[in-house]
$ cat query11.txt   # compact mmCIF, N, CA, C and O atoms
# COMPACT_ATOMS: atom_id res chain seq x y z
N PRO A 1 -17.37 45.79 17.37
CA PRO A 1 -18.63 45.97 16.67
C PRO A 1 -19.52 47.06 17.26
O PRO A 1 -20.25 47.71 16.55
N LEU A 2 -19.44 47.27 18.57
CA LEU A 2 -20.32 48.28 19.18
C LEU A 2 -20.00 49.70 18.73
O LEU A 2 -20.92 50.46 18.40
N PRO A 3 -18.73 50.11 18.65
CA PRO A 3 -18.45 51.45 18.13
C PRO A 3 -18.93 51.63 16.69
O PRO A 3 -19.39 52.71 16.32
N VAL A 4 -18.84 50.58 15.89
CA VAL A 4 -19.33 50.66 14.50
C VAL A 4 -20.84 50.85 14.50
O VAL A 4 -21.37 51.68 13.76
N ALA A 5 -21.54 50.10 15.33
CA ALA A 5 -23.00 50.24 15.43
C ALA A 5 -23.38 51.66 15.86
O ALA A 5 -24.32 52.25 15.32
N CYS A 6 -22.65 52.20 16.83
CA CYS A 6 -22.93 53.57 17.28
C CYS A 6 -22.71 54.58 16.17
O CYS A 6 -23.50 55.52 16.00
N GLU A 7 -21.66 54.38 15.40
CA GLU A 7 -21.41 55.28 14.28
C GLU A 7 -22.50 55.17 13.22
O GLU A 7 -22.90 56.18 12.62
N ILE A 8 -23.00 53.97 12.99
CA ILE A 8 -24.10 53.78 12.03
C ILE A 8 -25.32 54.56 12.50
O ILE A 8 -25.97 55.27 11.72
N VAL A 9 -25.66 54.48 13.79
CA VAL A 9 -26.82 55.20 14.33
C VAL A 9 -26.65 56.70 14.11
O VAL A 9 -27.58 57.38 13.63
N LEU A 10 -25.49 57.25 14.45
CA LEU A 10 -25.25 58.68 14.27
C LEU A 10 -25.33 59.08 12.80
O LEU A 10 -25.90 60.12 12.45
N ALA A 11 -24.76 58.26 11.93
CA ALA A 11 -24.78 58.57 10.49
C ALA A 11 -26.20 58.52 9.94
O ALA A 11 -26.56 59.32 9.07
N LEU A 12 -27.02 57.61 10.44
CA LEU A 12 -28.42 57.55 9.98
C LEU A 12 -29.19 58.80 10.39
O LEU A 12 -30.00 59.30 9.61
N GLN A 13 -28.94 59.30 11.58
CA GLN A 13 -29.63 60.52 12.01
C GLN A 13 -29.23 61.70 11.13
O GLN A 13 -30.07 62.52 10.76
N SER A 14 -27.96 61.77 10.78
CA SER A 14 -27.49 62.84 9.89
C SER A 14 -28.09 62.69 8.50
O SER A 14 -28.46 63.68 7.87
N PHE A 15 -28.18 61.46 8.02
CA PHE A 15 -28.75 61.21 6.70
C PHE A 15 -30.17 61.75 6.61
O PHE A 15 -30.52 62.45 5.67
N VAL A 16 -30.99 61.42 7.60
CA VAL A 16 -32.40 61.85 7.55
C VAL A 16 -32.49 63.37 7.57
O VAL A 16 -33.22 63.96 6.77
N SER A 17 -31.75 64.02 8.44
CA SER A 17 -31.86 65.48 8.55
C SER A 17 -31.28 66.20 7.34
O SER A 17 -31.71 67.31 7.02
N ARG A 18 -30.34 65.58 6.64
CA ARG A 18 -29.70 66.25 5.50
C ARG A 18 -30.31 65.90 4.15
O ARG A 18 -30.23 66.68 3.21
N GLU A 19 -30.89 64.73 4.02
CA GLU A 19 -31.32 64.28 2.69
C GLU A 19 -32.83 64.13 2.51
O GLU A 19 -33.28 63.98 1.39
N ILE A 20 -33.58 64.14 3.59
CA ILE A 20 -35.03 64.06 3.47
C ILE A 20 -35.59 65.45 3.75
O ILE A 20 -35.38 66.00 4.84
N PRO A 21 -36.28 66.05 2.79
CA PRO A 21 -36.80 67.40 3.01
C PRO A 21 -37.72 67.47 4.23
O PRO A 21 -38.48 66.54 4.51
N ALA A 22 -37.65 68.58 4.94
CA ALA A 22 -38.48 68.76 6.14
C ALA A 22 -39.96 68.73 5.81
O ALA A 22 -40.79 68.42 6.67
N THR A 23 -40.31 69.03 4.57
CA THR A 23 -41.71 69.01 4.17
C THR A 23 -42.22 67.60 3.89
O THR A 23 -43.42 67.40 3.76
N ASP A 24 -41.33 66.62 3.78
CA ASP A 24 -41.72 65.22 3.61
C ASP A 24 -41.80 64.57 4.98
O ASP A 24 -40.87 64.70 5.77
N ALA A 25 -42.89 63.90 5.24
CA ALA A 25 -43.02 63.22 6.53
C ALA A 25 -42.29 61.89 6.46
O ALA A 25 -42.76 60.94 5.83
N GLY A 26 -41.10 61.83 7.06
CA GLY A 26 -40.32 60.60 7.07
C GLY A 26 -39.52 60.50 8.36
O GLY A 26 -38.90 61.47 8.79
N VAL A 27 -39.55 59.33 8.97
CA VAL A 27 -38.86 59.11 10.24
C VAL A 27 -38.10 57.80 10.16
O VAL A 27 -38.63 56.78 9.74
N LEU A 28 -36.85 57.82 10.59
CA LEU A 28 -36.03 56.63 10.72
C LEU A 28 -35.51 56.61 12.15
O LEU A 28 -34.80 57.53 12.55
N SER A 29 -35.90 55.62 12.93
CA SER A 29 -35.53 55.56 14.34
C SER A 29 -34.83 54.25 14.65
O SER A 29 -35.37 53.18 14.36
N VAL A 30 -33.65 54.31 15.24
CA VAL A 30 -33.00 53.13 15.79
C VAL A 30 -33.44 53.09 17.24
O VAL A 30 -33.16 53.99 18.02
N THR A 31 -34.17 52.03 17.60
CA THR A 31 -34.79 51.97 18.93
C THR A 31 -34.18 50.93 19.85
O THR A 31 -34.46 50.94 21.05
N GLN A 32 -33.35 50.04 19.31
CA GLN A 32 -32.70 49.03 20.14
C GLN A 32 -31.31 48.73 19.62
O GLN A 32 -31.10 48.66 18.41
N ILE A 33 -30.37 48.54 20.55
CA ILE A 33 -29.02 48.08 20.23
C ILE A 33 -28.73 46.92 21.18
O ILE A 33 -28.83 47.07 22.40
N HIS A 34 -28.42 45.76 20.60
CA HIS A 34 -28.11 44.57 21.40
C HIS A 34 -26.71 44.09 21.05
O HIS A 34 -26.40 43.89 19.88
N GLY A 35 -25.89 43.88 22.06
CA GLY A 35 -24.55 43.36 21.80
C GLY A 35 -23.86 42.92 23.07
O GLY A 35 -23.89 43.63 24.07
N GLY A 36 -23.27 41.76 23.03
CA GLY A 36 -22.49 41.27 24.16
C GLY A 36 -23.33 40.67 25.26
O GLY A 36 -24.55 40.82 25.31
N THR A 37 -22.62 39.96 26.15
CA THR A 37 -23.28 39.31 27.28
C THR A 37 -22.57 39.58 28.60
O THR A 37 -23.05 39.17 29.64
N ALA A 38 -21.42 40.25 28.55
CA ALA A 38 -20.67 40.55 29.76
C ALA A 38 -20.03 41.92 29.64
O ALA A 38 -19.71 42.37 28.54
N ASN A 39 -19.80 42.57 30.76
CA ASN A 39 -19.24 43.92 30.72
C ASN A 39 -17.73 43.95 30.49
O ASN A 39 -17.17 45.00 30.26
N ASN A 40 -17.06 42.79 30.53
CA ASN A 40 -15.62 42.76 30.34
C ASN A 40 -15.19 41.96 29.11
O ASN A 40 -14.05 41.52 29.02
N VAL A 41 -16.12 41.74 28.18
CA VAL A 41 -15.83 40.98 26.96
C VAL A 41 -16.36 41.78 25.77
O VAL A 41 -17.50 42.24 25.78
N ILE A 42 -15.52 41.92 24.74
CA ILE A 42 -15.95 42.62 23.52
C ILE A 42 -16.93 41.72 22.76
O ILE A 42 -16.65 40.54 22.53
N ALA A 43 -18.05 42.29 22.41
CA ALA A 43 -19.10 41.53 21.72
C ALA A 43 -18.63 41.04 20.35
O ALA A 43 -17.91 41.74 19.65
N ASP A 44 -19.08 39.84 19.98
CA ASP A 44 -18.80 39.30 18.65
C ASP A 44 -19.64 39.99 17.59
O ASP A 44 -19.23 40.14 16.44
N SER A 45 -20.85 40.37 17.98
CA SER A 45 -21.77 41.00 17.03
C SER A 45 -22.69 41.95 17.78
O SER A 45 -22.81 41.91 18.99
N VAL A 46 -23.33 42.80 17.00
CA VAL A 46 -24.28 43.78 17.53
C VAL A 46 -25.49 43.78 16.62
O VAL A 46 -25.37 43.68 15.39
N ARG A 47 -26.67 43.88 17.21
CA ARG A 47 -27.91 43.93 16.42
C ARG A 47 -28.60 45.26 16.67
O ARG A 47 -28.80 45.67 17.81
N LEU A 48 -28.94 45.94 15.59
CA LEU A 48 -29.70 47.18 15.66
C LEU A 48 -31.13 46.90 15.21
O LEU A 48 -31.34 46.16 14.26
N GLN A 49 -32.08 47.51 15.88
CA GLN A 49 -33.47 47.41 15.46
C GLN A 49 -34.10 48.78 15.51
O GLN A 49 -33.66 49.65 16.27
N GLY A 50 -35.11 48.96 14.68
CA GLY A 50 -35.79 50.24 14.67
C GLY A 50 -36.94 50.25 13.69
O GLY A 50 -37.39 49.20 13.23
N THR A 51 -37.38 51.44 13.38
CA THR A 51 -38.51 51.60 12.47
C THR A 51 -38.21 52.68 11.43
O THR A 51 -37.38 53.56 11.65
N LEU A 52 -38.91 52.56 10.33
CA LEU A 52 -38.82 53.51 9.23
C LEU A 52 -40.26 53.81 8.83
O LEU A 52 -41.01 52.87 8.52
N ARG A 53 -40.65 55.07 8.88
CA ARG A 53 -42.02 55.43 8.53
C ARG A 53 -42.03 56.64 7.61
O ARG A 53 -41.22 57.55 7.76
N ALA A 54 -42.96 56.63 6.68
CA ALA A 54 -43.14 57.76 5.76
C ALA A 54 -44.56 57.75 5.23
O ALA A 54 -45.19 56.69 5.14
N LEU A 55 -45.04 58.92 4.87
CA LEU A 55 -46.39 59.00 4.30
C LEU A 55 -46.41 58.67 2.82
O LEU A 55 -47.38 58.10 2.33
N SER A 56 -45.35 59.00 2.11
CA SER A 56 -45.32 58.73 0.67
C SER A 56 -44.40 57.56 0.36
O SER A 56 -43.40 57.32 1.06
N ALA A 57 -44.73 56.84 -0.70
CA ALA A 57 -43.89 55.72 -1.14
C ALA A 57 -42.51 56.22 -1.56
O ALA A 57 -41.50 55.56 -1.30
N ARG A 58 -42.45 57.39 -2.18
CA ARG A 58 -41.16 57.95 -2.62
C ARG A 58 -40.23 58.21 -1.44
O ARG A 58 -39.05 57.85 -1.46
N THR A 59 -40.76 58.79 -0.38
CA THR A 59 -39.95 59.07 0.81
C THR A 59 -39.56 57.78 1.51
O THR A 59 -38.42 57.62 1.95
N ARG A 60 -40.47 56.83 1.57
CA ARG A 60 -40.18 55.53 2.18
C ARG A 60 -39.05 54.82 1.44
O ARG A 60 -38.13 54.27 2.03
N GLU A 61 -39.10 54.85 0.12
CA GLU A 61 -38.05 54.23 -0.70
C GLU A 61 -36.71 54.95 -0.51
O GLU A 61 -35.66 54.31 -0.43
N ALA A 62 -36.74 56.28 -0.41
CA ALA A 62 -35.51 57.05 -0.20
C ALA A 62 -34.91 56.73 1.17
O ALA A 62 -33.69 56.58 1.31
N LEU A 63 -35.76 56.60 2.19
CA LEU A 63 -35.28 56.25 3.52
C LEU A 63 -34.67 54.85 3.54
O LEU A 63 -33.60 54.62 4.11
N ALA A 64 -35.35 53.89 2.92
CA ALA A 64 -34.86 52.50 2.89
C ALA A 64 -33.53 52.42 2.15
O ALA A 64 -32.58 51.76 2.61
N ALA A 65 -33.44 53.08 1.00
CA ALA A 65 -32.20 53.06 0.23
C ALA A 65 -31.07 53.74 1.00
O ALA A 65 -29.93 53.25 1.04
N GLY A 66 -31.37 54.86 1.64
CA GLY A 66 -30.36 55.57 2.42
C GLY A 66 -29.90 54.77 3.63
O GLY A 66 -28.72 54.75 3.95
N LEU A 67 -30.83 54.09 4.29
CA LEU A 67 -30.48 53.27 5.44
C LEU A 67 -29.46 52.20 5.04
O LEU A 67 -28.43 52.05 5.69
N ARG A 68 -29.73 51.51 3.96
CA ARG A 68 -28.80 50.48 3.50
C ARG A 68 -27.46 51.09 3.08
O ARG A 68 -26.40 50.57 3.43
N ARG A 69 -27.52 52.17 2.32
CA ARG A 69 -26.28 52.81 1.83
C ARG A 69 -25.41 53.28 2.99
O ARG A 69 -24.20 53.03 3.02
N VAL A 70 -26.01 53.95 3.96
CA VAL A 70 -25.26 54.48 5.09
C VAL A 70 -24.69 53.34 5.94
O VAL A 70 -23.51 53.33 6.29
N ALA A 71 -25.52 52.36 6.29
CA ALA A 71 -25.06 51.24 7.12
C ALA A 71 -23.94 50.47 6.43
O ALA A 71 -22.92 50.14 7.05
N GLU A 72 -24.10 50.19 5.14
CA GLU A 72 -23.07 49.46 4.41
C GLU A 72 -21.79 50.28 4.29
O GLU A 72 -20.69 49.74 4.41
N GLY A 73 -21.92 51.58 4.08
CA GLY A 73 -20.75 52.44 3.95
C GLY A 73 -19.95 52.54 5.24
O GLY A 73 -18.72 52.44 5.22
N VAL A 74 -20.64 52.72 6.36
CA VAL A 74 -19.94 52.79 7.65
C VAL A 74 -19.27 51.46 7.96
O VAL A 74 -18.11 51.41 8.38
N ALA A 75 -20.00 50.36 7.74
CA ALA A 75 -19.42 49.04 8.01
C ALA A 75 -18.18 48.81 7.14
O ALA A 75 -17.15 48.34 7.63
N ARG A 76 -18.28 49.16 5.88
CA ARG A 76 -17.14 48.98 4.96
C ARG A 76 -15.94 49.82 5.39
O ARG A 76 -14.81 49.37 5.35
N ALA A 77 -16.19 51.03 5.86
CA ALA A 77 -15.10 51.92 6.30
C ALA A 77 -14.34 51.32 7.49
O ALA A 77 -13.17 51.59 7.68
N HIS A 78 -15.02 50.50 8.28
CA HIS A 78 -14.40 49.88 9.45
C HIS A 78 -14.01 48.43 9.21
O HIS A 78 -13.66 47.72 10.16
N ARG A 79 -14.12 48.00 7.96
CA ARG A 79 -13.85 46.59 7.60
C ARG A 79 -14.68 45.63 8.42
O ARG A 79 -14.24 44.56 8.82
N ALA A 80 -15.91 46.05 8.70
CA ALA A 80 -16.86 45.21 9.44
C ALA A 80 -17.83 44.58 8.44
O ALA A 80 -18.05 45.10 7.36
N ARG A 81 -18.38 43.47 8.84
CA ARG A 81 -19.34 42.77 7.99
C ARG A 81 -20.74 43.13 8.44
O ARG A 81 -21.06 43.06 9.63
N LEU A 82 -21.55 43.55 7.48
CA LEU A 82 -22.94 43.88 7.76
C LEU A 82 -23.78 42.69 7.33
O LEU A 82 -23.77 42.30 6.17
N GLY A 83 -24.46 42.10 8.26
CA GLY A 83 -25.25 40.91 7.93
C GLY A 83 -26.66 41.08 8.43
O GLY A 83 -27.14 42.18 8.65
N GLY A 84 -27.30 39.98 8.61
CA GLY A 84 -28.65 40.01 9.15
C GLY A 84 -29.70 40.13 8.07
O GLY A 84 -29.47 39.81 6.92
N ARG A 85 -30.83 40.64 8.48
CA ARG A 85 -31.94 40.73 7.54
C ARG A 85 -32.62 42.09 7.68
O ARG A 85 -32.59 42.71 8.73
N TRP A 86 -33.21 42.49 6.60
CA TRP A 86 -34.00 43.71 6.56
C TRP A 86 -35.46 43.26 6.43
O TRP A 86 -35.79 42.56 5.49
N GLU A 87 -36.27 43.62 7.36
CA GLU A 87 -37.68 43.23 7.31
C GLU A 87 -38.52 44.43 6.93
O GLU A 87 -38.29 45.53 7.43
N GLU A 88 -39.49 44.19 6.08
CA GLU A 88 -40.37 45.28 5.68
C GLU A 88 -41.81 44.90 6.00
O GLU A 88 -42.27 43.83 5.64
N PHE A 89 -42.47 45.78 6.72
CA PHE A 89 -43.87 45.61 7.07
C PHE A 89 -44.63 46.81 6.54
O PHE A 89 -44.16 47.93 6.63
N ARG A 90 -45.78 46.57 6.01
CA ARG A 90 -46.61 47.68 5.51
C ARG A 90 -47.95 47.68 6.16
O ARG A 90 -48.46 46.77 6.61

$ encode --input "query11.txt" --output "structure tokens"
Amino acid sequence: PLPVACEIVLALQSFVSREIPATDAGVLSVTQIHGGTANNVIADSVRLQGTLRALSARTREALAAGLRRVAEGVARAHRARLGGRWEEFR
């Protein structure tokens, strides 16, 4: 699960730089990765946390949709299950 999570983080960074115009103020940051409890055991799951910020509703919606699309696509490519919850705060 950890390599999949790392790939999701890298893909999200590429998504923002390629699909959100530089003139639109939008930021998507993965700020925490949690997985495993020991250095010699492969984690059962990994949790990513972060923030998504934008000045316009249109850019915020594009970031949210892209985040889900990218994360689901990477997980599907690795036959991994994407679970958890998406929280939205305004």

$ select_by_dssp --input "query11.txt" --residues "chain A" --states "helix (DSSP H, G or I)" --output "ChimeraX atom specification"
/A:2-19,57-77

$ select_by_dssp --input "query11.txt" --residues "range 21-71 of chain A" --states "strand (DSSP E)" --output "JSON, numbers by chain"
{"A": [26, 27, 28, 29, 30, 31, 32, 33, 34, 35, 46, 47, 48, 49, 50, 51, 52, 53, 54]}

$ closest_atom_pairs --input "query11.txt" --of "range 10-36 of chain A" --to "range 74-88 of chain A" --cutoff "12 Å" --atoms "only C-alpha atoms" --output "JSON lines"
{"residue": "A:Leu10", "atom": "CA", "partner": "A:Val74", "partner_atom": "CA", "distance": 10.3}
{"residue": "A:Ala11", "atom": "CA", "partner": "A:Val74", "partner_atom": "CA", "distance": 8.1}
{"residue": "A:Leu12", "atom": "CA", "partner": "A:Val74", "partner_atom": "CA", "distance": 10.0}

$ closest_residue --input "query11.txt" --among "A:Ala62, A:Val9, A:Ala54, A:Ile42" --to "Gly26 in chain A" --atoms "only N, CA, C and O atoms"
A:Ala54

$ atom_distance --input "query11.txt" --atom1 "atom C of Gly73 in chain A" --atom2 "atom C of Glu7 in chain A"
8.8 Å
